[in-house]
Every structure is written in C-alpha cells, then in structure tokens.
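Undergrad: Pasting run.cif below, which is mmCIF, C-alpha atoms.
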data_target
loop_
_atom_site.label_atom_id
_atom_site.label_comp_id
_atom_site.auth_asym_id
_atom_site.auth_seq_id
_atom_site.Cartn_x
_atom_site.Cartn_y
_atom_site.Cartn_z
CA MET A 66 159.40 -5.14 307.10
CA LYS A 67 161.08 -7.79 305.03
CA ARG A 68 157.80 -8.50 303.28
CA LEU A 69 157.21 -4.85 302.57
CA PHE A 70 160.68 -4.65 301.13
CA SER A 71 160.14 -7.62 298.87
CA LEU A 72 156.86 -6.14 297.69
CA ILE A 73 158.56 -2.87 296.84
CA MET A 74 161.25 -4.81 295.02
CA ALA A 75 158.56 -6.59 293.01
CA GLY A 76 157.18 -3.21 291.98
CA ILE A 77 160.59 -1.93 291.00
CA VAL A 78 161.32 -5.07 289.02
CA GLY A 79 158.01 -4.62 287.22
CA LEU A 80 159.00 -1.10 286.32
CA MET A 81 162.39 -2.23 285.08
CA VAL A 82 161.01 -5.07 283.01
CA TRP A 83 158.61 -2.65 281.42
CA SER A 84 161.19 -0.01 280.60
CA GLY A 85 163.51 -2.75 279.35
CA ALA A 86 160.73 -3.95 277.09
CA ALA A 87 160.11 -0.42 275.89
CA LEU A 88 163.78 -0.05 275.00
CA ALA A 89 163.71 -3.36 273.18
CA VAL A 90 160.63 -2.37 271.17
CA GLU A 91 162.35 0.75 269.98
CA GLY A 92 164.79 -1.77 269.14
CA GLY A 93 167.23 -0.74 266.74
CA TYR A 94 165.95 2.76 266.42
CA SER A 95 162.72 4.62 266.23
CA LYS A 96 161.89 7.04 263.45
CA GLN A 97 164.44 9.76 262.75
CA LYS A 98 164.43 13.02 260.86
CA VAL A 99 167.93 14.07 259.89
CA VAL A 100 169.46 16.78 257.76
CA TYR A 101 173.01 16.51 256.45
CA HIS A 102 174.77 19.79 255.72
CA VAL A 103 177.18 19.87 252.77
CA ASN A 104 178.99 23.12 251.96
CA GLY A 105 182.51 21.98 251.11
CA ASP A 106 183.71 20.92 247.67
CA ASP A 107 186.33 18.32 248.53
CA PRO A 108 185.22 15.21 246.58
CA LYS A 109 186.74 12.91 249.21
CA GLN A 110 184.81 14.58 251.97
CA GLN A 111 181.61 14.48 249.93
CA THR A 112 182.10 10.80 249.18
CA GLY A 113 182.67 10.28 252.91
CA ALA A 114 179.45 12.14 253.66
CA LEU A 115 177.47 9.93 251.27
CA ARG A 116 179.05 6.89 252.89
CA ASN A 117 178.01 8.20 256.32
CA ILE A 118 174.48 8.52 255.02
CA GLN A 119 174.47 4.96 253.67
CA ASN A 120 175.71 3.66 257.02
CA HIS A 121 173.07 5.72 258.76
CA ILE A 122 170.37 4.13 256.58
CA ASN A 123 171.81 0.67 257.20
CA ALA A 124 171.67 1.21 260.94
CA VAL A 125 168.26 2.80 261.21
CA GLY A 126 166.42 1.37 258.21
CA LYS A 127 165.16 3.45 255.31
CA GLU A 128 161.56 3.07 256.48
CA ASN A 129 162.52 4.83 259.71
CA LEU A 130 164.33 7.75 258.11
CA ASP A 131 163.37 11.08 256.67
CA LEU A 132 166.82 12.10 255.46
CA ARG A 133 167.65 15.28 253.56
CA VAL A 134 170.93 16.57 252.21
CA VAL A 135 171.12 20.36 252.01
CA MET A 136 173.83 21.75 249.74
CA HIS A 137 174.86 25.36 249.42
CA GLY A 138 177.94 27.36 248.43
CA HIS A 139 180.76 25.08 247.33
CA GLY A 140 178.68 22.11 248.51
CA VAL A 141 176.59 22.31 245.33
CA SER A 142 179.65 20.87 243.54
CA LEU A 143 178.36 17.49 244.74
CA VAL A 144 175.69 17.55 242.02
CA LEU A 145 177.52 19.79 239.52
CA LEU A 146 178.19 18.00 236.24
CA PRO A 147 181.86 18.07 235.19
CA GLU A 148 181.00 19.39 231.71
CA ALA A 149 179.32 22.43 233.28
CA LEU A 150 182.39 23.52 235.23
CA GLY A 151 183.68 25.81 232.46
CA LYS A 152 180.36 27.57 232.11
CA VAL A 153 179.32 28.31 235.68
CA LYS A 154 180.90 30.84 238.05
CA GLY A 155 182.75 30.41 241.32
CA PHE A 156 183.05 26.63 241.48
CA ARG A 157 186.44 24.97 241.87
CA HIS A 158 185.14 21.43 241.54
CA ALA A 159 182.36 19.59 239.72
CA ASN A 160 182.08 16.26 241.47
CA ALA A 161 179.04 14.65 239.85
CA ASP A 162 181.04 12.19 237.78
CA GLN A 163 179.68 8.73 236.99
CA GLN A 164 180.76 7.25 240.30
CA MET A 165 179.21 10.07 242.31
CA GLN A 166 176.05 9.86 240.20
CA ALA A 167 175.75 6.18 241.07
CA ARG A 168 176.10 6.94 244.77
CA ILE A 169 173.49 9.69 244.56
CA ASP A 170 171.10 7.39 242.65
CA GLY A 171 171.59 4.67 245.24
CA LEU A 172 170.68 7.02 248.08
CA LYS A 173 167.73 8.54 246.23
CA ASP A 174 166.36 5.02 245.72
CA GLN A 175 166.33 4.72 249.49
CA GLY A 176 164.34 7.91 249.93
CA VAL A 177 167.10 10.45 250.49
CA GLN A 178 166.22 13.94 249.25
CA PHE A 179 168.91 16.24 247.85
CA LYS A 180 168.13 19.95 248.25
CA VAL A 181 170.01 22.73 246.47
CA CYS A 182 170.26 26.39 247.53
CA ASN A 183 168.81 28.82 245.01
CA ASN A 184 170.94 31.74 246.26
CA THR A 185 173.99 29.70 245.31
CA LEU A 186 172.60 28.86 241.86
CA VAL A 187 171.77 32.51 241.12
CA GLY A 188 175.08 33.81 242.50
CA ARG A 189 177.08 31.28 240.52
CA LYS A 190 175.10 31.51 237.31
CA THR A 191 174.13 27.87 237.51
CA THR A 192 170.90 26.29 236.25
CA VAL A 193 169.30 22.92 236.89
CA ASP A 194 170.69 21.79 233.52
CA ASP A 195 174.18 22.04 234.98
CA LEU A 196 173.24 19.71 237.82
CA TYR A 197 172.79 15.97 238.00
CA MET A 198 169.13 15.00 238.40
CA VAL A 199 167.96 18.11 240.19
CA ASP A 200 164.52 19.46 239.38
CA GLN A 201 162.62 22.52 240.56
CA ALA A 202 161.15 20.65 243.53
CA ASP A 203 164.66 20.05 244.86
CA ILE A 204 165.54 23.74 244.95
CA VAL A 205 165.12 25.66 248.17
CA PRO A 206 165.30 29.47 248.37
CA SER A 207 168.20 29.48 250.84
CA GLY A 208 170.28 26.59 252.06
CA VAL A 209 170.91 28.20 255.43
CA ALA A 210 167.25 29.06 255.92
CA GLU A 211 166.33 25.48 254.97
CA LEU A 212 168.75 24.11 257.58
CA ALA A 213 167.25 26.37 260.23
CA HIS A 214 163.72 25.51 259.16
CA LEU A 215 164.27 21.75 259.20
CA GLN A 216 165.81 21.93 262.67
CA SER A 217 162.79 23.86 263.91
CA GLN A 218 160.71 20.98 262.50
CA GLY A 219 162.59 18.48 264.65
CA PHE A 220 165.33 17.41 262.23
CA THR A 221 168.69 16.54 263.72
CA TYR A 222 171.59 18.42 262.14
CA ILE A 223 174.69 16.57 261.03
CA LYS A 224 177.70 18.15 259.38
CA PRO A 225 179.94 15.37 258.09
CA MET B 76 198.04 13.30 268.95
CA SER B 77 194.84 11.68 267.84
CA PHE B 78 191.89 10.44 269.82
CA ASN B 79 189.97 8.95 266.97
CA ASP B 80 190.38 5.61 268.56
CA ASP B 81 186.95 4.63 269.86
CA LEU B 82 188.50 2.11 272.24
CA GLU B 83 190.40 4.81 273.96
CA LEU B 84 187.39 7.08 274.25
CA ASN B 85 185.44 4.19 275.71
CA ALA B 86 188.23 3.50 278.15
CA TYR B 87 188.07 7.12 279.17
CA ILE B 88 184.30 6.96 279.71
CA ASP B 89 184.80 3.84 281.83
CA GLY B 90 187.48 5.61 283.88
CA GLU B 91 190.19 3.17 282.84
CA LEU B 92 192.76 5.60 281.52
CA THR B 93 195.83 6.84 283.32
CA SER B 94 195.42 10.32 284.70
CA ASP B 95 197.91 11.73 282.19
CA ARG B 96 196.02 10.34 279.26
CA GLN B 97 192.75 11.53 280.79
CA ALA B 98 194.14 15.03 280.99
CA GLU B 99 195.11 14.87 277.33
CA LEU B 100 191.65 13.69 276.36
CA LEU B 101 190.00 16.43 278.37
CA GLU B 102 192.21 18.97 276.64
CA ALA B 103 191.26 17.53 273.26
CA MET B 104 187.58 17.78 274.20
CA ARG B 105 188.02 21.38 275.14
CA THR B 106 189.41 22.24 271.74
CA ASP B 107 187.47 19.88 269.52
CA PRO B 108 183.69 20.26 269.69
CA ASP B 109 183.04 17.12 267.64
CA PHE B 110 185.15 15.06 269.94
CA ALA B 111 183.50 16.56 273.01
CA ARG B 112 180.08 15.81 271.56
CA GLN B 113 181.13 12.25 270.83
CA ALA B 114 182.35 11.80 274.40
CA CYS B 115 179.18 13.34 275.78
CA GLU B 116 177.05 11.02 273.64
CA LEU B 117 179.00 7.98 274.79
CA SER B 118 178.76 8.78 278.46
CA ARG B 119 175.05 9.41 278.07
CA LEU B 120 174.71 6.01 276.40
CA LYS B 121 176.63 4.44 279.22
CA ALA B 122 174.38 6.03 281.82
CA GLN B 123 171.30 4.84 279.92
CA LEU B 124 172.64 1.32 279.66
CA SER B 125 173.57 1.03 283.29
CA LEU B 126 170.13 2.31 284.19
CA ALA B 127 168.38 -0.18 281.91
CA TYR B 128 170.41 -3.16 283.08
CA ALA B 129 170.80 -2.36 286.76
CA THR B 130 170.38 -5.71 288.43
CA PRO B 131 167.93 -5.98 291.29
CA PRO B 132 169.36 -7.63 294.44
CA ARG B 133 168.81 -11.38 294.19
CA ALA B 134 169.66 -12.61 297.68
CA ARG B 135 166.33 -11.49 299.06
CA TRP B 136 164.49 -13.82 296.74
CA ARG B 137 166.31 -16.90 297.97
CA ASN B 138 165.07 -16.18 301.49
CA ALA B 139 161.62 -15.28 300.31
CA ALA B 140 161.22 -18.68 298.63
CA LYS B 141 161.09 -20.41 302.00
CA VAL B 142 158.17 -18.30 303.17
CA ARG B 143 154.80 -18.99 301.60
CA PRO B 144 153.37 -15.64 300.50
CA SER B 145 149.93 -14.65 301.78
CA TRP B 146 147.16 -13.63 299.36
CA GLN B 147 147.53 -10.02 300.54
CA GLN B 148 151.15 -10.11 299.57
CA ILE B 149 150.35 -11.52 296.16
CA ALA B 150 147.61 -8.96 295.59
CA ALA B 151 149.87 -6.15 296.69
CA SER B 152 152.65 -7.42 294.42
CA ILE B 153 150.32 -7.45 291.46
CA ALA B 154 149.13 -3.96 292.33
CA LEU B 155 152.69 -2.72 292.57
CA VAL B 156 153.72 -4.35 289.30
CA ALA B 157 150.68 -2.78 287.63
CA PHE B 158 151.65 0.55 289.16
CA GLY B 159 155.17 0.07 287.86
CA LEU B 160 153.94 -0.77 284.38
CA ILE B 161 151.58 2.17 284.19
CA GLY B 162 154.08 4.53 285.75
CA GLY B 163 156.78 3.38 283.39
CA TRP B 164 154.53 3.76 280.40
CA LEU B 165 153.40 7.25 281.39
CA LEU B 166 156.96 8.33 282.01
CA HIS B 167 158.11 6.80 278.79
CA ALA B 168 155.34 8.27 276.68
CA GLY B 169 155.03 11.56 278.51
CA ILE B 170 158.49 13.07 278.53
CA PRO B 171 158.92 13.87 274.85
CA ALA B 172 155.47 15.40 274.70
CA TRP B 173 156.09 18.09 277.25
CA SER B 174 159.78 18.68 277.06
CA PHE B 175 160.31 18.94 273.33
CA GLY B 176 156.94 19.64 271.81
CA GLU B 177 156.60 23.33 272.59
CA SER B 178 158.08 25.86 270.25
CA ARG B 179 158.29 28.73 272.73
CA PHE B 180 161.26 29.02 275.02
CA VAL B 181 162.04 30.91 278.13
CA VAL B 182 165.60 31.97 277.78
CA LEU B 183 167.95 33.46 280.20
CA ASP B 184 168.51 37.15 280.11
CA PRO B 185 166.46 39.85 278.49
CA GLY B 186 169.11 42.20 277.10
CA GLY B 187 169.10 40.43 273.76
CA ARG B 188 172.82 40.78 273.07
CA GLY B 189 175.79 38.52 273.63
CA GLN B 190 175.05 35.97 276.29
CA ALA B 191 171.63 37.42 276.46
CA ALA B 192 168.50 35.83 275.18
CA ALA B 193 165.14 37.33 275.83
CA VAL B 194 161.93 35.36 275.84
CA ALA B 195 161.79 34.54 272.19
CA ALA B 196 159.16 36.25 270.14
CA GLU B 197 156.51 33.89 268.89
CA ASN B 198 157.77 33.64 265.33
CA GLU B 199 161.40 34.63 265.80
CA THR B 200 163.93 32.51 263.95
CA ARG B 201 167.17 32.03 265.85
CA ILE B 202 170.34 30.62 264.37
CA VAL B 203 173.73 30.08 265.89
CA PHE B 204 176.66 29.80 263.47
CA HIS B 205 179.50 27.84 265.03
CA LEU B 206 182.66 28.99 263.30
CA THR B 207 185.67 26.73 263.83
CA SER B 208 187.43 27.15 260.52
CA PRO B 209 190.49 29.44 260.46
CA ASP B 210 189.99 30.13 256.76
CA GLN B 211 189.01 33.74 256.16
CA THR B 212 187.45 32.94 252.77
CA THR B 213 185.12 30.46 254.45
CA ALA B 214 184.35 33.02 257.14
CA GLY B 215 183.65 35.62 254.44
CA GLU B 216 181.21 33.28 252.72
CA MET B 217 179.48 32.76 256.03
CA LEU B 218 179.18 36.53 256.50
CA GLU B 219 177.62 36.80 253.04
CA GLU B 220 175.07 34.16 253.88
CA VAL B 221 174.32 35.79 257.22
CA GLU B 222 173.86 39.15 255.56
CA ALA B 223 171.62 37.78 252.81
CA MET B 224 169.46 36.08 255.37
CA LEU B 225 169.18 39.04 257.73
CA ALA B 226 168.36 41.33 254.80
CA ALA B 227 165.69 38.96 253.50
CA TYR B 228 164.05 38.62 256.91
CA GLN B 229 164.20 42.36 257.47
CA ALA B 230 162.57 43.02 254.11
CA GLU B 231 159.74 40.68 254.99
CA GLY B 232 159.40 42.11 258.50
CA ARG B 233 160.16 38.75 260.11
CA PRO B 234 162.33 38.68 263.24
CA LEU B 235 165.67 36.86 262.98
CA ARG B 236 168.45 36.58 265.54
CA VAL B 237 171.85 35.38 264.46
CA GLU B 238 174.79 34.67 266.67
CA VAL B 239 178.24 33.87 265.32
CA VAL B 240 180.24 31.89 267.86
CA SER B 241 183.91 31.88 266.94
CA HIS B 242 185.80 29.19 268.66
CA GLY B 243 189.11 27.36 268.31
CA GLU B 244 190.74 28.39 265.06
CA GLY B 245 187.52 30.14 264.10
CA LEU B 246 188.54 32.86 266.54
CA ASN B 247 190.68 34.33 263.76
CA LEU B 248 187.61 36.09 262.40
CA LEU B 249 187.37 38.21 265.54
CA ARG B 250 191.09 38.80 266.12
CA GLU B 251 192.28 42.32 265.45
CA ARG B 252 195.47 41.08 263.83
CA LEU B 253 194.12 38.17 261.79
CA SER B 254 190.59 39.07 260.73
CA ARG B 255 190.17 40.02 257.09
CA HIS B 256 186.61 41.15 257.72
CA LYS B 257 186.79 43.79 260.44
CA ALA B 258 185.05 46.53 258.48
CA ARG B 259 182.43 44.13 257.18
CA ILE B 260 181.65 42.85 260.65
CA HIS B 261 181.34 46.37 262.00
CA GLN B 262 179.05 47.37 259.17
CA LEU B 263 176.84 44.28 259.64
CA ALA B 264 176.68 44.58 263.43
CA THR B 265 175.67 48.22 263.09
CA ARG B 266 173.07 47.54 260.43
CA PHE B 267 171.41 44.54 262.10
CA SER B 268 170.51 44.68 265.77
CA GLY B 269 169.74 40.96 265.71
CA LEU B 270 173.33 40.01 264.89
CA THR B 271 175.97 39.27 267.51
CA PHE B 272 179.56 38.09 267.32
CA VAL B 273 180.91 36.21 270.31
CA ALA B 274 184.38 34.86 271.04
CA CYS B 275 185.25 31.85 273.18
CA SER B 276 187.28 32.86 276.20
CA ASN B 277 188.65 29.33 276.68
CA THR B 278 190.27 29.64 273.26
CA ILE B 279 191.75 33.00 274.20
CA LYS B 280 193.17 31.59 277.43
CA ARG B 281 194.56 28.54 275.67
CA LEU B 282 196.36 30.72 273.12
CA ALA B 283 197.88 32.69 275.99
CA VAL B 284 198.99 29.62 277.94
CA GLU B 285 200.15 27.37 275.10
CA HIS B 286 201.46 29.86 272.59
CA GLY B 287 202.06 32.99 274.64
CA VAL B 288 199.74 34.90 272.35
CA GLU B 289 197.87 37.80 273.80
CA VAL B 290 194.68 37.98 271.79
CA LYS B 291 193.20 41.33 270.96
CA LEU B 292 189.64 41.17 269.74
CA ILE B 293 187.91 43.52 267.35
CA PRO B 294 185.55 45.98 269.07
CA ASP B 295 182.39 44.26 267.81
CA ALA B 296 183.21 40.96 269.52
CA GLU B 297 181.75 39.96 272.84
CA ILE B 298 183.27 37.32 275.08
CA ILE B 299 181.66 34.16 276.40
CA ASP B 300 183.22 31.52 278.67
CA SER B 301 183.04 28.46 276.50
CA GLY B 302 182.13 28.21 272.85
CA ILE B 303 180.98 24.63 273.25
CA ASN B 304 178.81 25.31 276.27
CA HIS B 305 177.33 28.23 274.46
CA VAL B 306 176.30 26.36 271.30
CA VAL B 307 174.93 23.52 273.42
CA LYS B 308 172.93 26.00 275.48
CA ARG B 309 171.61 27.68 272.36
CA GLN B 310 170.45 24.39 270.90
CA ARG B 311 168.71 23.53 274.17
CA GLU B 312 166.96 26.85 273.95
CA GLY B 313 165.70 25.89 270.51
CA TRP B 314 168.13 27.73 268.26
CA SER B 315 169.04 26.14 264.95
CA TYR B 316 172.69 25.24 264.62
CA ILE B 317 174.96 25.60 261.63
CA ARG B 318 178.56 24.56 261.69
CA VAL B 319 181.01 26.51 259.56
#
How does this structure look as structure tokens?
TA:
Amino acid sequence: MKRLFSLIMAGIVGLMVWSGAALAVEGGYSKQKVVYHVNGDDPKQQTGALRNIQNHINAVGKENLDLRVVMHGHGVSLVLLPEALGKVKGFRHANADQQMQARIDGLKDQGVQFKVCNNTLVGRKTTVDDLYMVDQADIVPSGVAELAHLQSQGFTYIKP
Amino acid sequence: MSFNDDLELNAYIDGELTSDRQAELLEAMRTDPDFARQACELSRLKAQLSLAYATPPRARWRNAAKVRPSWQQIAASIALVAFGLIGGWLLHAGIPAWSFGESRFVVLDPGGRGQAAAVAAENETRIVFHLTSPDQTTAGEMLEEVEAMLAAYQAEGRPLRVEVVSHGEGLNLLRERLSRHKARIHQLATRFSGLTFVACSNTIKRLAVEHGVEVKLIPDAEIIDSGINHVVKRQREGWSYIRV
C-alpha cells in the first residue's frame, strides 16, 4: 500500500513538474491581443492611458503584443492638433501637442496602432489633416463597432 | 475611503484584514466594478499560484529511501510520470481550444429581453454597454452611438443586440426623476426590438439603505440583481463589452 502510494505520488509530482515547466515557458507572458478604449478628452487621463500602454508593453514585450487604441467621440482629441481646434466642431480639447505627439510616436514605433472613428470625424467636421499622423488606413467606420469586432476576434478590452 | 492600496487588497485576498475592514472592502467591490474586477483577478492569481506551487509531502520519501525499489516499481513510476506528462500537456493544450474557440453560445433564456438571452443567431453581434457615469451628456452620447449602430445594422439586415446596463451612478439614466433622456429611451426601445435597458437592483437597494432614496425607474427599464454579475455573465456568453 505504501509502495502504491509512493508510485502515485511520483505520478503526481511528474504532473506538477510538467505544469510548472509549462507555466515557466509562458514565462513572462504569452502573446496578447488588447484593445484600449479612449473616449474621454481629459489630457491627464489620456496621458495616463498612454503610460498604461507603455507599461503594458514593458511587461509583455512588444513582440508579444497586438495592441490597438480605438478613439471615438471626445477621445479623438488625443490626436487632434491644437491649431485645428478652432475649425472643427464639438471638441473641447485638442491634446496632440508636441509632448503628446512624442508619446504617440514612441508607441507607434513599438507597433501600437491608433484607430479613429469615422462617425466622429464626419459628425465633428474633422478631416485627417486636423489629426496628428492619421491616415486613411487608421480610420474605422465606427469606433464602437470596431471595439465589438476586435473583442469578437479575441482582443481583451481595457478602458483606462 | 480609498482602497487603491494594493497591499490592502492583497491582505484582503489573504484573509488578513479585520472583519470591519473586510466589510468595507466588500462594500467597495459592490459599488466599484473596476475594484471588484481587480480583486477577482488577484484571488484568481492566488489560486493559480497555490496550485502551481503546492508542495508534495516529503516525509514519505525519507522512508522510501531505506527500501530498495524493485524494477516493477521503477517501471511503474516511469509509466506514471509519462502519464502525468502527457496528461498535463493535453490538459494544458486542450482547454483553450474547446472552451474559447467556438463562436456560438448557448445562452440562458429564450425570451430575448432583459435577463434573457436566446441561443445566439449565427452572425448576431451582441454588445453590452456598462454605464457607470452619472453624467447625462455622456449618457446621451452613448445613446447616439447605440442608435447609429442599431440603425446601420438594421439597414444592412444584420442582427444586433444591445443591452445598456446602468449601474452605480449610471443608474441616473433610468431614474424617473434624474434622467434627461426618458423620451429618447422610449423612442429607441420602441423602434429597436434588439435594445434593452436594465437597472442594477443592488444599486437601487443601496440608495434606499444608505441615502433613504426610493428609486423610481422609467417604464422602459428592466431590473437585474447585480450589474457586475450581469456584465460578467454577458462577457462569458461572448458579448462584447463597452464601458461608458
């Protein structure tokens, strides 16, 4: 009986060693798909969100991340150029000053994609020329639909 | 009071807080979905860790060392270890494949309204909006987005279900006295059968107990037990989640 018990223990230990090893391989973290939702226009909160993203990349590694930022409504102010504020409609802030531009550049260099809602652009009479480094490929028909779509594709949703 | 202190949350997870403080934390979890999620994530992590590092009993091995093992024992050990390895691998590799890979979901009740959720149509998009902001302008912007989306899907003949869960301060949207969008909500709920507004009953009870407020909801609101439970359940069922 004792022998049988020790044999069973050996099996269990084997199982544990293996699952321990599996955890260790995944190591830091395995690959992640994440979408960050930005719809507020508070520059402090947006800066905080970009800092969250940088910390996220630091923890997981840019090679392990497919990270998108989806902006709609007031959130588009993140990439709105200050000089465009007088021209466009409905925005209270234009936060893409030089500092914010540098942060955005830094994240883009690490593979982060910034997506802008077309409904917002149309509704607020805003064009890509009013935005910092946004081209047609970065525009999605609807921010909300994009968030839903990405989640259905396995992206994890984070609202900073 | 603030519970942003990670140390304190960890102490709670480890059961090291006084019962008073525990009660306060539980209350905070009930009202703050982010905090509740954080606590949930931590306790899950703790459970995973204790599972991964559970120590096998050692005393047995000291005794076993005195006895010379027979070849049958050795063979059986190897077989068991191999079994463990293969079993572990299958378990490890298999779970994600069958629990998360499918895009069809069996959901709970077939009425299709409120707490309902029929078996989802093959290509139906389902979104739960979790409204926690008291601001009626924010809520109005959400309604605009919801309307635009429902209209677009309807025009294209694609099925879309939207549920607005108002919870905590977000309950204002569905309160007779505080909502600035009663008519709009009624018009939307009438126009789109796939749209539902639900109110968190925990919030309603809390307002009654803590502030003596008797909440009267607008007629288009339905009541669910817990806003948090509900959005968690929806996400398990495969709904997309958007926090407002």
Undergrad: Give me the residues within 10 Å of range 114-124 of chain A as an MDAnalysis selection string, counting only C-alpha atoms and dropping any in the same chain fewer than 2 places off.
TA: chainID A and resid 93:94 99 101:103 108:112 126:134 165 168:169 171:172 175:177 223:225
Undergrad: The PyMOL selection byres ((chain A and resi 199) around 12) on the file shown: which residues, as a compact mmCIF listing (two decimals) with C-alpha atoms, in the frame of the given file?
TA:
# COMPACT_ATOMS: atom_id res chain seq x y z
CA MET A 136 173.83 21.75 249.74
CA VAL A 141 176.59 22.31 245.33
CA LEU A 143 178.36 17.49 244.74
CA VAL A 144 175.69 17.55 242.02
CA LEU A 145 177.52 19.79 239.52
CA LEU A 146 178.19 18.00 236.24
CA ALA A 161 179.04 14.65 239.85
CA GLN A 166 176.05 9.86 240.20
CA ILE A 169 173.49 9.69 244.56
CA ASP A 170 171.10 7.39 242.65
CA LYS A 173 167.73 8.54 246.23
CA GLN A 178 166.22 13.94 249.25
CA PHE A 179 168.91 16.24 247.85
CA LYS A 180 168.13 19.95 248.25
CA VAL A 181 170.01 22.73 246.47
CA CYS A 182 170.26 26.39 247.53
CA ASN A 183 168.81 28.82 245.01
CA LEU A 186 172.60 28.86 241.86
CA THR A 191 174.13 27.87 237.51
CA THR A 192 170.90 26.29 236.25
CA VAL A 193 169.30 22.92 236.89
CA ASP A 194 170.69 21.79 233.52
CA ASP A 195 174.18 22.04 234.98
CA LEU A 196 173.24 19.71 237.82
CA TYR A 197 172.79 15.97 238.00
CA MET A 198 169.13 15.00 238.40
CA ASP A 200 164.52 19.46 239.38
CA GLN A 201 162.62 22.52 240.56
CA ALA A 202 161.15 20.65 243.53
CA ASP A 203 164.66 20.05 244.86
CA ILE A 204 165.54 23.74 244.95
CA VAL A 205 165.12 25.66 248.17
Undergrad: Return as a PyMOL selection string the set of residues that the PyMOL selection byres ((chain B and resi 303-318) around 7) yields on the displayed structure.
TA: (chain A and resi 213+216-217+224) or (chain B and resi 108+180+182+201-206+301-302+319)
Undergrad: Quick one: distance from CA of Gly269 in chain B to CA of Leu225 in chain B in Å, one decimal?
TA: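 Separation between CA of Gly269 in chain B and CA of Leu225 in chain B: 8.2 Å.
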Undergrad: For a quick check of understanding, using all atoms listed in the file, which of B:Ala230, B:Ala296, B:Ala150, B:Ala103 has the smallest distance to Arg281 in chain B?
TA: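 Of all the options, B:Ala103 lies closest to Arg281 in chain B.
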Undergrad: Could you list, as a PyMOL selection string, every residue matched by the PyMOL selection byres ((chain A and resi 139) around 10) in this structure?
TA: (chain A and resi 103-107+136-138+140-143+145+155-159+185+189) or (chain B and resi 213+216)
Undergrad: Can you measure CA of Asp109 in chain B to CA of Thr221 in chain A for me? One decimal in Å is fine.
TA: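 Interatomic distance here is 14.9 Å.
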Undergrad: So that I can check the surroundings of Ile298 in chain B, please list as a ChimeraX atom specification every protein, DNA and RNA residue that reaches within 8 Å of it, counting only C-alpha atoms and ignoring chain neighbours fewer than 5 positions away.
TA: /B:189,273-276
Undergrad: Grab the residues selected above and save them as a PDB file, keeping the file's coordinate frame with C-alpha atoms.
TA:
ATOM      1  CA  GLY B 189     175.790  38.520 273.630  1.00  0.00           C
ATOM      2  CA  VAL B 273     180.910  36.210 270.310  1.00  0.00           C
ATOM      3  CA  ALA B 274     184.380  34.860 271.040  1.00  0.00           C
ATOM      4  CA  CYS B 275     185.250  31.850 273.180  1.00  0.00           C
ATOM      5  CA  SER B 276     187.280  32.860 276.200  1.00  0.00           C
TER       6      SER B 276
END
Undergrad: Quick one, how far is CA of Glu220 in chain B from CA of Asp295 in chain B?
TA: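 Value for the CA of Glu220 in chain B-CA of Asp295 in chain B distance: 18.7 Å.
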Undergrad: Counting all atoms listed in the file, find the residues whose atoms lie at most 12 Å from (191.7, 27.3, 281.5) (file coordinates) and write them out as number ranges by chain.
TA: B: 101-102, 105-106, 275-285, 300-301
Undergrad: Let me make sure I understand: among A:Lys190, A:Lys154, A:His214, A:Lys98, which one has the smallest atom-to-atom distance to chain B if we use only C-alpha atoms?
TA: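 Among the listed residues, the smallest separation from chain B belongs to A:His214.
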Undergrad: Using only C-alpha atoms, pick whichever of B:Val156, B:Val288, B:Ala227, B:Leu218 has the shortest atom-to-atom distance to chain A.
TA: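 The shortest atom-to-atom distance to chain A comes from B:Val156.
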Undergrad: Please return as number ranges by chain every residue within 6 Å of (186.7, 43.0, 265.8), taking into account only C-alpha atoms and the file's own coordinates.
TA: B: 249, 251, 257, 292-296
Undergrad: Using all atoms listed in the file, which residue out of A:Val125, A:Ile73, A:Val135, A:Ala167 lies closest to chain B?
TA: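 Nearest candidate to chain B out of A:Val125, A:Ile73, A:Val135, A:Ala167: A:Ile73.
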